[in-house]
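Text of upload_15.cif (mmCIF, C-alpha atoms) as supplied:
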data_query
#
loop_
_atom_site.label_atom_id
_atom_site.label_comp_id
_atom_site.auth_asym_id
_atom_site.auth_seq_id
_atom_site.Cartn_x
_atom_site.Cartn_y
_atom_site.Cartn_z
CA MET Q 65 -5.81 -9.14 15.59
CA THR Q 66 -9.11 -7.31 15.83
CA ASP Q 67 -10.55 -6.36 12.45
CA ARG Q 68 -12.18 -2.96 12.21
CA LYS Q 69 -15.83 -3.23 11.21
CA SER Q 70 -15.65 -0.67 8.46
CA THR Q 71 -15.21 -0.51 4.73
CA ALA Q 72 -13.88 1.95 2.20
CA GLY Q 73 -15.64 4.59 0.17
CA SER Q 74 -15.08 8.24 -0.76
CA ASP Q 75 -14.31 11.39 1.21
CA GLY Q 76 -17.30 12.57 3.23
CA LEU Q 77 -19.64 9.90 1.87
CA PRO Q 78 -21.28 7.00 3.69
CA VAL Q 79 -19.05 3.95 3.72
CA PRO Q 80 -20.18 1.16 1.35
CA ASP Q 81 -20.04 -2.49 2.26
CA ALA Q 82 -16.93 -4.62 1.79
CA GLY Q 83 -18.26 -6.36 -1.30
CA ALA Q 84 -18.96 -3.07 -3.05
CA GLU Q 85 -15.54 -1.74 -2.12
CA PHE Q 86 -13.83 -4.90 -3.35
CA ASP Q 87 -15.63 -4.55 -6.68
CA ARG Q 88 -14.54 -0.91 -6.91
CA GLN Q 89 -10.92 -1.86 -6.36
CA VAL Q 90 -11.11 -4.53 -9.07
CA ARG Q 91 -12.57 -1.95 -11.45
CA THR Q 92 -9.77 0.46 -10.59
CA LEU Q 93 -7.09 -2.11 -11.40
CA THR Q 94 -8.84 -3.09 -14.60
CA ALA Q 95 -9.18 0.52 -15.75
CA LEU Q 96 -5.46 1.07 -15.09
CA GLY Q 97 -4.53 -1.86 -17.30
CA TYR Q 98 -3.38 -4.34 -14.66
CA PRO Q 99 -4.86 -7.37 -16.48
CA ALA Q 100 -2.77 -6.77 -19.60
CA LEU Q 101 0.34 -6.01 -17.53
CA ALA Q 102 -0.20 -9.34 -15.77
CA GLY Q 103 -0.59 -11.12 -19.13
CA ARG Q 104 -4.31 -11.74 -18.66
CA SER Q 105 -7.58 -10.63 -20.17
CA PRO Q 106 -9.91 -8.57 -17.94
CA GLU Q 107 -12.06 -11.69 -17.53
CA GLU Q 108 -9.08 -13.81 -16.52
CA PHE Q 109 -7.91 -11.16 -14.07
CA ALA Q 110 -11.39 -10.94 -12.53
CA GLU Q 111 -11.41 -14.71 -12.15
CA LEU Q 112 -8.00 -14.60 -10.48
CA VAL Q 113 -9.04 -12.14 -7.77
CA ALA Q 114 -12.66 -13.31 -7.37
CA PRO Q 115 -11.94 -15.75 -4.48
CA LEU Q 116 -10.65 -12.85 -2.37
CA ARG Q 117 -14.02 -11.13 -2.36
CA ALA Q 118 -15.52 -13.55 0.14
CA THR Q 119 -12.48 -13.11 2.39
CA ALA Q 120 -12.91 -9.34 2.35
CA VAL Q 121 -16.59 -9.58 3.21
CA GLU Q 122 -15.97 -12.07 6.01
CA ARG Q 123 -13.02 -10.23 7.60
CA VAL Q 124 -14.29 -6.66 7.29
CA GLY Q 125 -17.96 -7.13 8.05
CA ALA Q 126 -20.78 -4.58 7.96
CA PRO Q 127 -20.24 -0.94 6.96
CA ALA Q 128 -19.66 1.62 9.67
CA ASP Q 129 -21.83 4.68 10.16
CA GLY Q 130 -20.59 8.12 9.29
CA PRO Q 131 -18.22 9.57 6.68
CA TYR Q 132 -15.07 7.92 5.42
CA ASP Q 133 -12.06 10.26 5.41
CA PRO Q 134 -8.72 8.47 4.91
CA ALA Q 135 -6.90 11.77 4.35
CA ALA Q 136 -7.69 12.75 7.93
CA THR Q 137 -7.49 9.38 9.67
CA GLY Q 138 -4.88 7.63 7.55
CA ARG Q 139 -6.83 4.40 7.98
CA VAL Q 140 -8.23 2.03 5.37
CA PRO Q 141 -10.10 -1.22 6.14
CA PHE Q 142 -8.56 -3.24 3.31
CA VAL Q 143 -6.80 -3.07 -0.04
CA LEU Q 144 -6.42 -5.55 -2.89
CA VAL Q 145 -2.70 -6.06 -3.56
CA VAL Q 146 -1.05 -7.15 -6.80
CA THR Q 147 2.58 -8.17 -6.20
CA ARG Q 148 5.63 -8.05 -8.45
CA ALA Q 149 5.04 -11.73 -9.16
CA LEU Q 150 2.44 -10.44 -11.64
CA VAL Q 151 3.43 -6.84 -12.43
CA PRO Q 152 6.80 -5.09 -11.81
CA VAL Q 153 6.84 -2.33 -9.21
CA GLU Q 154 8.22 0.10 -11.78
CA ARG Q 155 5.04 -0.31 -13.84
CA THR Q 156 2.55 -0.16 -10.96
CA MET Q 157 4.21 2.90 -9.44
CA GLU Q 158 3.83 4.91 -12.63
CA LEU Q 159 0.09 4.21 -12.57
CA THR Q 160 -0.35 6.05 -9.27
CA THR Q 161 -1.30 9.70 -8.81
CA LEU Q 162 -2.00 12.01 -5.92
CA HIS Q 163 -5.63 12.53 -4.96
CA GLY Q 164 -6.95 15.03 -7.50
CA GLY Q 165 -3.59 15.05 -9.28
CA LYS Q 166 -2.58 14.10 -12.81
CA LEU Q 167 1.17 13.53 -12.69
CA PRO Q 168 2.23 9.86 -12.58
CA GLY Q 169 4.13 8.39 -9.68
CA PHE Q 170 7.78 7.48 -10.15
CA VAL Q 171 10.69 5.56 -8.65
CA ASP Q 172 13.44 7.80 -7.32
CA ARG Q 173 16.82 7.68 -9.02
CA SER Q 174 18.41 6.89 -5.65
CA PHE Q 175 17.48 3.28 -6.43
CA GLU Q 176 20.53 2.37 -8.49
CA PRO Q 177 19.88 0.04 -11.47
CA GLY Q 178 18.84 -3.39 -10.26
CA SER Q 179 18.54 -2.40 -6.61
CA LEU Q 180 14.74 -2.28 -6.48
CA GLU Q 181 14.58 -5.99 -7.22
CA ARG Q 182 16.64 -6.62 -4.08
CA PHE Q 183 14.05 -4.95 -1.86
CA VAL Q 184 11.96 -8.02 -1.10
CA ALA Q 185 9.40 -8.86 1.56
CA THR Q 186 10.78 -9.73 4.97
CA GLU Q 187 9.86 -13.08 6.48
CA GLU Q 188 7.27 -11.38 8.70
CA ALA Q 189 5.70 -9.53 5.76
CA ALA Q 190 5.76 -12.35 3.21
CA PRO Q 191 2.64 -12.26 1.00
CA PRO Q 192 0.25 -15.18 1.47
CA GLY Q 193 -0.78 -17.47 -1.38
CA ARG Q 194 0.95 -18.14 -4.68
CA ASP Q 195 -1.15 -16.26 -7.21
CA GLY Q 196 0.44 -12.82 -6.85
CA VAL Q 197 -2.68 -11.28 -5.30
CA HIS Q 198 -3.79 -10.92 -1.68
CA LEU Q 199 -5.69 -8.69 0.72
CA LEU Q 200 -4.21 -6.35 3.30
CA PHE Q 201 -6.44 -5.55 6.29
CA ASP Q 202 -6.71 -2.78 8.88
CA VAL Q 203 -4.19 -0.48 7.20
CA GLU Q 204 -2.70 2.62 8.84
CA ARG Q 205 -0.23 5.04 7.28
CA GLY Q 206 1.28 5.53 10.74
CA GLU Q 207 1.71 9.29 11.06
CA GLU Q 208 2.16 8.86 14.80
CA PHE Q 209 5.71 7.79 13.86
CA CYS Q 210 6.52 11.00 12.00
CA GLY Q 211 9.75 12.23 13.54
CA ALA Q 212 10.60 8.84 15.02
CA VAL Q 213 13.69 6.84 14.11
CA PRO Q 214 12.49 4.21 11.59
CA ASN Q 215 14.17 1.38 13.53
CA ASP Q 216 12.24 2.41 16.65
CA ALA Q 217 8.99 2.73 14.69
CA MET Q 218 9.39 -0.74 13.19
CA ALA Q 219 10.03 -2.20 16.62
CA ALA Q 220 6.90 -0.51 18.02
CA VAL Q 221 4.78 -1.92 15.18
CA ALA Q 222 6.07 -5.42 15.90
CA GLU Q 223 5.35 -5.07 19.62
CA ARG Q 224 1.71 -4.31 18.78
CA GLY Q 225 1.41 -7.52 16.77
CA ARG Q 226 0.99 -5.59 13.54
CA THR Q 227 2.85 -6.04 10.27
CA LEU Q 228 4.86 -3.60 8.18
CA LEU Q 229 3.82 -2.89 4.60
CA THR Q 230 5.85 -4.09 1.62
CA ILE Q 231 6.55 -1.89 -1.39
CA GLU Q 232 3.78 -3.58 -3.36
CA GLU Q 233 1.32 -3.07 -0.51
CA GLY Q 234 2.23 0.60 -0.25
CA VAL Q 235 1.68 1.04 -3.98
CA ALA Q 236 -1.66 -0.78 -3.69
CA LEU Q 237 -2.76 1.48 -0.84
CA LEU Q 238 -1.86 4.55 -2.89
CA THR Q 239 -3.55 3.13 -6.00
CA HIS Q 240 -6.88 2.38 -4.34
CA VAL Q 241 -6.97 5.22 -1.80
CA PRO Q 242 -4.71 8.06 -2.98
CA GLN Q 243 -6.17 10.30 -0.27
CA VAL Q 244 -3.85 8.71 2.30
CA LEU Q 245 -0.72 10.31 0.83
CA VAL Q 246 -0.76 13.93 1.95
CA LYS Q 247 1.84 16.56 2.78
CA ASN Q 248 3.68 15.88 6.05
CA LYS Q 249 1.89 12.52 6.44
CA CYS Q 250 3.85 10.27 4.12
CA PHE Q 251 5.01 6.79 5.12
CA SER Q 252 7.79 4.21 5.14
CA LEU Q 253 7.35 0.63 3.93
CA GLY Q 254 9.46 -1.41 6.33
CA GLY Q 255 8.10 -4.75 5.09
CA SER Q 256 10.50 -4.66 2.11
CA ARG Q 257 14.24 -4.66 2.82
CA SER Q 258 17.41 -5.33 0.86
CA GLY Q 259 19.75 -6.42 3.64
CA ASP Q 260 21.14 -2.94 4.32
CA ARG Q 261 20.05 0.14 6.29
CA ARG Q 262 17.68 1.50 3.64
CA VAL Q 263 13.93 1.55 4.27
CA PRO Q 264 11.62 2.18 1.28
CA ALA Q 265 9.10 4.98 1.58
CA LEU Q 266 6.39 6.82 -0.34
CA TRP Q 267 6.26 10.59 -0.30
CA ILE Q 268 5.33 13.57 -2.48
CA SER Q 269 7.82 15.09 -4.88
CA GLN Q 270 7.26 17.40 -7.85
CA LYS Q 271 3.50 17.18 -7.27
CA ALA Q 272 3.52 13.40 -7.74
CA PRO Q 273 3.97 10.26 -5.60
CA LYS Q 274 7.56 9.09 -5.32
CA LEU Q 275 8.97 5.75 -4.19
CA GLY Q 276 12.29 6.36 -2.51
CA TRP Q 277 14.15 5.25 0.59
CA CYS Q 278 15.53 6.67 3.83
CA TRP Q 279 18.11 5.41 6.30
CA ALA Q 280 16.77 3.22 9.11
CA GLY Q 281 18.45 5.41 11.72
CA ASN Q 282 17.45 8.82 10.37
CA PRO Q 283 14.10 10.32 11.48
CA HIS Q 284 12.02 12.61 9.27
CA THR Q 285 9.23 14.82 10.59
CA TRP Q 286 7.06 14.12 7.53
CA LEU Q 287 7.58 10.37 7.30
CA GLY Q 288 5.65 7.83 9.40
CA MET Q 289 5.63 4.02 9.31
CA ALA Q 290 2.74 2.23 7.59
CA SER Q 291 1.37 -0.98 9.09
CA ALA Q 292 -1.52 -3.39 8.87
CA GLY Q 293 -3.43 -5.78 11.05
CA GLY Q 294 -2.90 -8.75 8.76
CA ARG Q 295 -3.11 -10.33 5.31
CA GLY Q 296 -5.45 -12.81 3.71
CA VAL Q 297 -6.33 -14.76 0.59
#

Structure translated into structure tokens:
Amino acid sequence: MTDRKSTAGSDGLPVPDAGAEFDRQVRTLTALGYPALAGRSPEEFAELVAPLRATAVERVGAPADGPYDPAATGRVPFVLVVTRALVPVERTMELTTLHGGKLPGFVDRSFEPGSLERFVATEEAAPPGRDGVHLLFDVERGEEFCGAVPNDAMAAVAERGRTLLTIEEGVALLTHVPQVLVKNKCFSLGGSRSGDRRVPALWISQKAPKLGWCWAGNPHTWLGMASAGGRGV
């Protein structure tokens, strides 16, 4: 894997360094109430994620020149992920919003009761570490796969040596960089499967983010396949 030498910031603004971006993401999670949802104080939560900061700085490197526009490129250097080992997906999803929006994200009713828990990380997308937090690097929402059969898109991602995003990683991407979820450039999360033909996905519905699923053999013109270069702790 080749890490992109760039870090995250805001639309049209110079890109800050990885350390500053990591701190911003921690502040975002804290402001949304993640520490309490994880059964920790803000100080305990900060202590939990603190070791990942050095990893982000080492893997991502110096800031790139020019503006940062994830809505246009669909690319993000890294995101801080909190898994369901700490906070249930149902709770984290309702803390998401569209960029500039106010309506909370939601889980589609097509997930029958109890089914979401069965959508777990595949062996290839298993989160590293045991603390329920990790970093996801070199993230792409994968709009090049809009209109492709999801099975074919997932195979192409694997051939490139990249990894598919899990549900938790997709929610983290949306939480930290909501600009990536835009009309006609939504994305599947093939790193979480339940043993059947369903592939989870994030798209826009009723002016809010929605976590749903689509069949692995059915293409959608507005749905790509998100991937990443790797994970770290």

Quiz item: What's the 12 Å shell around Phe183 of chain Q, counting only C-alpha atoms, without same-chain residues fewer than 4 positions away, as a PyMOL selection string?
Solution: chain Q and resi 148+153+175-176+178-179+230-232+253-265+276-277

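When all atoms listed in the file are used to measure the gap to Leu180 of chain Q, the shortest distance among Q:Val241, Q:Arg104, Q:Leu275, Q:Glu111 belongs to Q:Leu275.
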
Exercise for the section: Spell out the residues picked by the PyMOL selection byres ((chain Q and resi 233-237) around 8) here, as a PyMOL selection string. Expected result: chain Q and resi 143-147+156-157+160+200+229-232+238-242+244+253+266

Q | Residues returned when the PyMOL selection byres ((chain Q and resi 208) around 12) runs on this file, as a PyMOL selection string | A | chain Q and resi 137-138+204-207+209-214+217+220-221+248-251+284-291

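Reported to one decimal place, the separation of atom CA of Glu154 of chain Q from atom CA of Phe86 of chain Q is 24.1 Å.
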
Separating atom CA of Gly225 of chain Q from atom CA of Gly125 of chain Q, to the nearest tenth of an Å, is a gap of 21.2 Å

Atom pair atom CA of Gly165 of chain Q + atom CA of Lys271 of chain Q, distance 7.7 Å

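Distances here use all atoms listed in the file; by that measure, the residue among Q:Leu150, Q:Val121, Q:Ala84, Q:Val171 closest to Arg194 of chain Q is Q:Leu150.
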
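With only C-alpha atoms as the atoms that count, the residue of Q:Arg117, Q:Gln243, Q:Glu158, Q:Trp267 with the shortest distance to Phe142 of chain Q is Q:Arg117.
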
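Taken over the shown file, the PyMOL selection byres ((chain Q and resi 107-109) around 12) identifies Val90, Arg91, Leu93, Thr94, Ala95, Gly97, Tyr98, Pro99, Ala100, Leu101, Ala102, Gly103, Arg104, Ser105, Pro106, Ala110, Glu111, Leu112, Val113, Ala114, Pro115, Val146, Leu150, Asp195, Gly196 and Val197 of chain Q.
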
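Counting all atoms listed in the file, the residue from Q:Thr186, Q:Gln89, Q:Thr119, Q:Asn215 that sits nearest to Thr227 of chain Q is Q:Thr186.
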
Nearest to Leu199 of chain Q, restricted to only C-alpha atoms and choosing among Q:His163, Q:Thr92, Q:Glu85, Q:Leu116, comes out as Q:Leu116

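Between Gly193 of chain Q and the residues Q:Val297, Q:Leu96, Q:Met218, Q:Leu162, the shortest atom-to-atom distance, using only C-alpha atoms, involves Q:Val297.
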